[in-house]
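Beneath this line is the structure, given in C-alpha cells, with notes to follow.
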Number of protein chains: 4
Amino acid sequence: MKVIVDLCVVPLGVGVSVSSYIATCEKLLKEAGLKTTLHAYGTNIEGDWDTVFAAIKRCHEAVHEQGAPRITTNIKLGTRTDREQTMADKVASVEAKL
Amino acid sequence: MKVIVDLCVVPLGVGVSVSSYIATCEKLLKEAGLKTTLHAYGTNIEGDWDTVFAAIKRCHEAVHEQGAPRITTNIKLGTRTDREQTMADKVASVEAKL
Amino acid sequence: MKVIVDLCVVPLGVGVSVSSYIATCEKLLKEAGLKTTLHAYGTNIEGDWDTVFAAIKRCHEAVHEQGAPRITTNIKLGTRTDREQTMADKVASVEAKL
Amino acid sequence: MKVIVDLCVVPLGVGVSVSSYIATCEKLLKEAGLKTTLHAYGTNIEGDWDTVFAAIKRCHEAVHEQGAPRITTNIKLGTRTDREQTMADKVASVEAKL
C-alpha cells in the first residue's frame with residue numbers, strides 16, 4: 001500500500017533548538033530510499049507503507065539515542081485506492097486551479 | 001518500544017457520515033489487544049509500537065474494503081525513555097494540578 | 001459558527017514534564033465558558049469559533065508567561081452546516097455501531 | 001504575536017477530489033496578505049496571530065459556501081518568545097545540518 005505522509009517530530013527535554021534532531025530524521029528517511037520534501041513544519045514523505053513506518057520508527061529510536069528523553073510526533077497520512085497520486089501531483093492539482 | 005497514540009481516521013468519498021468506518025477501526029484495535037479510549041475527535045491507544053502500527057495499517061485496509069476510496073488520517077504519537085507512563089497517568093497528572 | 005476542536009499544546013524548553021502548562025490551558029478554557037473533555041493526548045472543546053480561538057490564543061500567551069519560550073500546538077477542528085452535532089453526539093454515534 | 005502555521009483543510013461530503021477547495025483557501029490566504037508555501041499535505045503560513053486565524057475562519061466559511069457540508073481541518077502552530085524565526089529560517093536551520 002502506497003502512502004503519502006507528513007511527518008513532524010518534536011523532541012522534548014532538549015531545549016528549544018531541535019533542528020539537529022530533525023536533520024537526523026531527514027538522513028534516516030533518505031537512507032531508507034524514501035522520496036522526501038522538507039518544509040517549515042515537517043517533511044512530506046512518499047513510499048510504501050511498511051518502508052515509511054519502519055523509517056519513522058528508526059527516527060524515534062535515533063532521536064532518543066541522540067539524547068531526547070521524550071518525543072511527540074505528528075503524522076498526517078493519506079492512502080487511496082481509486083488512483084495513483086504522487087506528492088507532486090497533489091501540489092500540481094491545487095496550483096492548476098490558482 | 002511503548003507508544004501512546006491519538007488516532008483520527010477520516011474516510012473521503014463516502015459522504016458526511018463516517019461513524020461506521022470509525023467503528024470498524026475501533027473493533028480492529030480491540031481485536032489487536034490494544035487498550036483504547038474513544039473521544040470526540042479520535043481514539044487514544046496505548047501499546048507496543050509494532051502492534052499499534054500494524055493495527056493502524058489494518059484500519060486503513062479495512063476502511064478501504066468497506067468502500068472508502070480515499071483516507072486521510074492524523075496520528076499524534078509519544079514515546080519516552082525516561083520513565084513508564086500510561087494514558088491514565090497522563091490525564092491524572094494534569095487533573096492533579098487543577 | 002460552531003466548532004468542535006481537539007487541542008494539544010506542547011511547551012518546549014521547559015523539560016519533559018508539561019502537565020502544569022496543560023493545567024493552565026484547562027483553567028483558561030473553563031474560564032472562557034467552554035465545554036471541554038480532557039484525554040490522554042489533548043482536550044476536546046466545543047463552542048463558538050471566536051470564543052474557542054480567543055481562548056486558544058490566551059493559552060499560548062499564558063504558557064509563554066509561565067516560562068515556556070517556545071510552543072508547538074496541534075489543533076484538529078471540525079465545522080458542519082448540514083446539522084448540529086455535539087462532542088457527545090460524535091462519541092455516541094460510533095458507540096452505537098460497536 | 002507572530003505565528004507559523006501548517007494548515008490542512010479537508011472538506012467532507014464532496015467526493016475524493018478536494019483541490020478546488022484547497023485553491024479557494026490559498027486565494028483567501030493570499031488576499032489576507034499572508035506569506036504562504038503550499039506543500040503536498042498542507043500550506044505553511046507565517047504572520048500575525050489574529051490575521052492568520054481570521055483568514056483560516058474565512059477559509060472554513062468559503063469552503064462551506066463552495067458546497068462542502070462538513071470540514072475537518074488540521075493545524076500545527078508555533079509561537080516563540082526567545083527569538084524571531086521565519087519559515088525560511090526553520091528550513092535553513094535543518095538544511096545547514098544535512
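Chains: A, B, ... in order of the C-alpha cells. Residues: from 1 per chain. Ligands: from 1, in order shown.
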At a cut-off of 8 Å, can you tabulate as CSV every residue of chain C near chain D together with its closest atom pair and the distance in Å to one decimal, using only C-alpha atoms and ordering rows by chain then number?
residue,atom,partner,partner_atom,distance
C:Phe53,CA,D:Phe53,CA,7.9
C:His60,CA,D:Thr79,CA,7.7
C:His64,CA,D:Thr81,CA,7.2
C:Pro69,CA,D:Thr81,CA,5.1
C:Arg70,CA,D:Arg80,CA,4.2
C:Ile71,CA,D:Thr79,CA,5.5
C:Thr72,CA,D:Gly78,CA,4.4
C:Thr73,CA,D:Leu77,CA,5.2
C:Asn74,CA,D:Lys76,CA,4.5
C:Ile75,CA,D:Ile75,CA,5.0
C:Lys76,CA,D:Asn74,CA,4.6
C:Leu77,CA,D:Thr73,CA,5.2
C:Gly78,CA,D:Thr72,CA,4.4
C:Thr79,CA,D:Ile71,CA,5.5
C:Arg80,CA,D:Arg70,CA,4.2
C:Thr81,CA,D:Pro69,CA,5.2
C:Asp82,CA,D:Pro69,CA,5.4
Could the residues in this selection be saved with all heavy atoms as a compact mmCIF listing (two decimals), in the first residue's frame?
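The resulting file, result14.txt, is shown below:
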# COMPACT_ATOMS: atom_id res chain seq x y z
N PHE C 53 -11.22 30.20 19.63
CA PHE C 53 -9.89 30.63 19.20
C PHE C 53 -9.32 31.75 20.06
O PHE C 53 -8.10 31.86 20.22
CB PHE C 53 -9.87 30.92 17.70
CG PHE C 53 -9.79 29.65 16.91
CD1 PHE C 53 -10.94 29.07 16.38
CD2 PHE C 53 -8.58 28.98 16.76
CE1 PHE C 53 -10.88 27.86 15.70
CE2 PHE C 53 -8.52 27.78 16.08
CZ PHE C 53 -9.66 27.21 15.55
N HIS C 60 -1.76 30.20 24.63
CA HIS C 60 -0.38 30.44 24.18
C HIS C 60 0.27 31.56 24.99
O HIS C 60 1.40 31.44 25.44
CB HIS C 60 -0.34 30.75 22.68
CG HIS C 60 -0.09 29.54 21.84
ND1 HIS C 60 1.05 29.33 21.10
CD2 HIS C 60 -0.84 28.43 21.65
CE1 HIS C 60 0.98 28.18 20.48
NE2 HIS C 60 -0.16 27.61 20.78
N HIS C 64 3.48 30.94 27.60
CA HIS C 64 4.72 31.72 27.48
C HIS C 64 5.02 32.45 28.79
O HIS C 64 6.15 32.42 29.27
CB HIS C 64 4.61 32.73 26.32
CG HIS C 64 4.82 32.14 24.96
ND1 HIS C 64 5.91 31.36 24.64
CD2 HIS C 64 4.10 32.24 23.81
CE1 HIS C 64 5.83 31.00 23.35
NE2 HIS C 64 4.73 31.50 22.85
N PRO C 69 9.54 29.22 26.46
CA PRO C 69 9.97 30.14 25.40
C PRO C 69 9.46 29.76 24.02
O PRO C 69 9.47 30.57 23.10
CB PRO C 69 11.50 30.02 25.45
CG PRO C 69 11.77 28.67 26.03
CD PRO C 69 10.64 28.38 26.97
N ARG C 70 9.00 28.52 23.89
CA ARG C 70 8.55 28.05 22.58
C ARG C 70 7.38 27.09 22.78
O ARG C 70 7.40 26.30 23.73
CB ARG C 70 9.70 27.33 21.86
CG ARG C 70 9.39 26.93 20.44
CD ARG C 70 10.62 26.35 19.72
NE ARG C 70 10.29 26.14 18.32
CZ ARG C 70 11.13 25.64 17.42
NH1 ARG C 70 12.36 25.31 17.75
NH2 ARG C 70 10.74 25.48 16.17
N ILE C 71 6.40 27.17 21.91
CA ILE C 71 5.23 26.28 21.99
C ILE C 71 4.92 25.76 20.60
O ILE C 71 4.92 26.53 19.64
CB ILE C 71 3.98 27.04 22.51
CG1 ILE C 71 4.26 27.76 23.83
CG2 ILE C 71 2.79 26.09 22.66
CD1 ILE C 71 3.14 28.72 24.26
N THR C 72 4.65 24.46 20.50
CA THR C 72 4.10 23.92 19.26
C THR C 72 2.79 23.25 19.61
O THR C 72 2.70 22.48 20.56
CB THR C 72 5.07 22.95 18.54
OG1 THR C 72 4.50 22.56 17.28
CG2 THR C 72 5.39 21.72 19.36
N THR C 73 1.75 23.61 18.88
CA THR C 73 0.40 23.17 19.22
C THR C 73 -0.21 22.45 18.03
O THR C 73 0.06 22.81 16.89
CB THR C 73 -0.45 24.40 19.61
OG1 THR C 73 -0.04 24.83 20.90
CG2 THR C 73 -1.94 24.10 19.62
N ASN C 74 -0.99 21.44 18.32
CA ASN C 74 -1.72 20.76 17.25
C ASN C 74 -3.21 20.92 17.50
O ASN C 74 -3.68 20.67 18.61
CB ASN C 74 -1.33 19.29 17.20
CG ASN C 74 -1.78 18.66 15.90
OD1 ASN C 74 -1.10 18.70 14.89
ND2 ASN C 74 -2.99 18.10 15.90
N ILE C 75 -3.92 21.33 16.47
CA ILE C 75 -5.37 21.53 16.57
C ILE C 75 -6.06 20.75 15.46
O ILE C 75 -5.67 20.86 14.30
CB ILE C 75 -5.74 23.02 16.41
CG1 ILE C 75 -5.12 23.86 17.52
CG2 ILE C 75 -7.26 23.22 16.40
CD1 ILE C 75 -5.30 25.37 17.33
N LYS C 76 -7.06 19.95 15.82
CA LYS C 76 -8.00 19.42 14.82
C LYS C 76 -9.28 20.18 15.04
O LYS C 76 -9.68 20.40 16.19
CB LYS C 76 -8.24 17.92 15.06
CG LYS C 76 -7.07 17.03 14.67
CD LYS C 76 -7.35 15.56 14.91
CE LYS C 76 -7.26 15.22 16.38
NZ LYS C 76 -7.04 13.78 16.67
N LEU C 77 -9.95 20.59 13.98
CA LEU C 77 -11.19 21.33 14.18
C LEU C 77 -12.19 20.96 13.12
O LEU C 77 -11.86 20.77 11.95
CB LEU C 77 -10.96 22.83 14.18
CG LEU C 77 -10.48 23.51 12.93
CD1 LEU C 77 -11.40 24.69 12.62
CD2 LEU C 77 -9.07 24.00 13.14
N GLY C 78 -13.43 20.83 13.55
CA GLY C 78 -14.50 20.44 12.63
C GLY C 78 -15.65 21.42 12.67
O GLY C 78 -16.07 21.85 13.74
N THR C 79 -16.14 21.76 11.48
CA THR C 79 -17.37 22.55 11.37
C THR C 79 -18.29 21.83 10.38
O THR C 79 -17.84 21.13 9.49
CB THR C 79 -17.10 23.98 10.85
OG1 THR C 79 -16.44 23.92 9.58
CG2 THR C 79 -16.25 24.77 11.82
N ARG C 80 -19.60 22.01 10.55
CA ARG C 80 -20.53 21.45 9.59
C ARG C 80 -21.77 22.33 9.48
O ARG C 80 -22.19 22.96 10.44
CB ARG C 80 -20.87 19.99 9.91
CG ARG C 80 -21.42 19.68 11.28
CD ARG C 80 -21.36 18.17 11.57
NE ARG C 80 -21.98 17.37 10.53
CZ ARG C 80 -21.97 16.03 10.47
NH1 ARG C 80 -21.36 15.34 11.43
NH2 ARG C 80 -22.56 15.39 9.50
N THR C 81 -22.33 22.35 8.28
CA THR C 81 -23.50 23.18 8.02
C THR C 81 -24.74 22.33 7.80
O THR C 81 -25.84 22.85 7.69
CB THR C 81 -23.26 24.05 6.76
OG1 THR C 81 -22.87 23.19 5.70
CG2 THR C 81 -22.17 25.07 7.01
N ASP C 82 -24.55 20.99 7.72
CA ASP C 82 -25.70 20.13 7.42
C ASP C 82 -26.56 19.86 8.64
O ASP C 82 -27.75 19.62 8.53
CB ASP C 82 -25.22 18.81 6.79
CG ASP C 82 -24.22 18.06 7.65
OD1 ASP C 82 -23.54 18.71 8.48
OD2 ASP C 82 -24.11 16.83 7.52
Near-Lys27 (chain D) list (12 Å; only C-alpha atoms; drop same-chain fewer than 3 positions) as a short mmCIF file (atom, residue, chain, number, x, y, z; two decimals) with C-alpha atoms, in the first residue's frame:
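The result, stored in result.cif:
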data_model
loop_
_atom_site.label_atom_id
_atom_site.label_comp_id
_atom_site.auth_asym_id
_atom_site.auth_seq_id
_atom_site.Cartn_x
_atom_site.Cartn_y
_atom_site.Cartn_z
CA VAL A 94 -4.02 22.78 -6.48
CA GLU A 95 -1.69 25.05 -8.47
CA LYS A 97 -6.65 25.90 -10.02
CA LEU A 98 -4.89 29.08 -8.88
CA SER D 20 -10.64 23.18 -5.84
CA TYR D 21 -11.46 23.76 -2.16
CA ILE D 22 -7.77 23.99 -1.26
CA ALA D 23 -7.32 26.51 -4.09
CA THR D 24 -10.09 28.63 -2.54
CA LYS D 30 -3.00 35.46 -0.24
CA GLU D 31 -5.78 38.08 -0.11
CA ALA D 32 -5.11 38.38 3.62
CA GLY D 33 -1.54 39.36 2.77
CA LEU D 34 -0.07 36.27 4.38
CA LYS D 35 3.17 34.62 3.33
CA THR D 36 2.36 31.02 2.36
CA LEU D 38 1.97 25.11 -0.45
CA THR D 43 0.17 25.00 3.50
CA ALA D 55 -8.05 34.03 7.37
CA ILE D 56 -8.47 30.41 8.49
CA ARG D 58 -12.74 32.73 6.21
CA CYS D 59 -11.41 29.52 4.63
CA ALA D 62 -15.78 29.87 1.95
CA VAL D 63 -15.37 26.09 1.69
#
Exercise: Met87 (chain B) partners within 6 Å, only C-alpha atoms, chain neighbours under 2 positions left out, as a ChimeraX atom specification: /B:89-90 /C:40
List every residue of region 2-61 of chain D that DSSP, applied to the backbone of this structure, places in strand (DSSP E), and write the result as a VMD selection string. chain D and resid 2 to 12 35 to 39 42 to 48
As number ranges by chain, list the residues of chain B assigned to helix (DSSP H, G or I) by DSSP on the backbone atoms of this structure. B: 19-31, 49-65, 87-95
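Between CA of Ser17 (chain C) and CA of Gln66 (chain C) there is a distance of 13.5 Å.
Going from CA of Thr86 (chain A) to CA of Gly47 (chain A) covers 9.3 Å.
Taking CA of Ser93 (chain B) and CA of Val18 (chain A) as endpoints, the distance between them is 25.6 Å.
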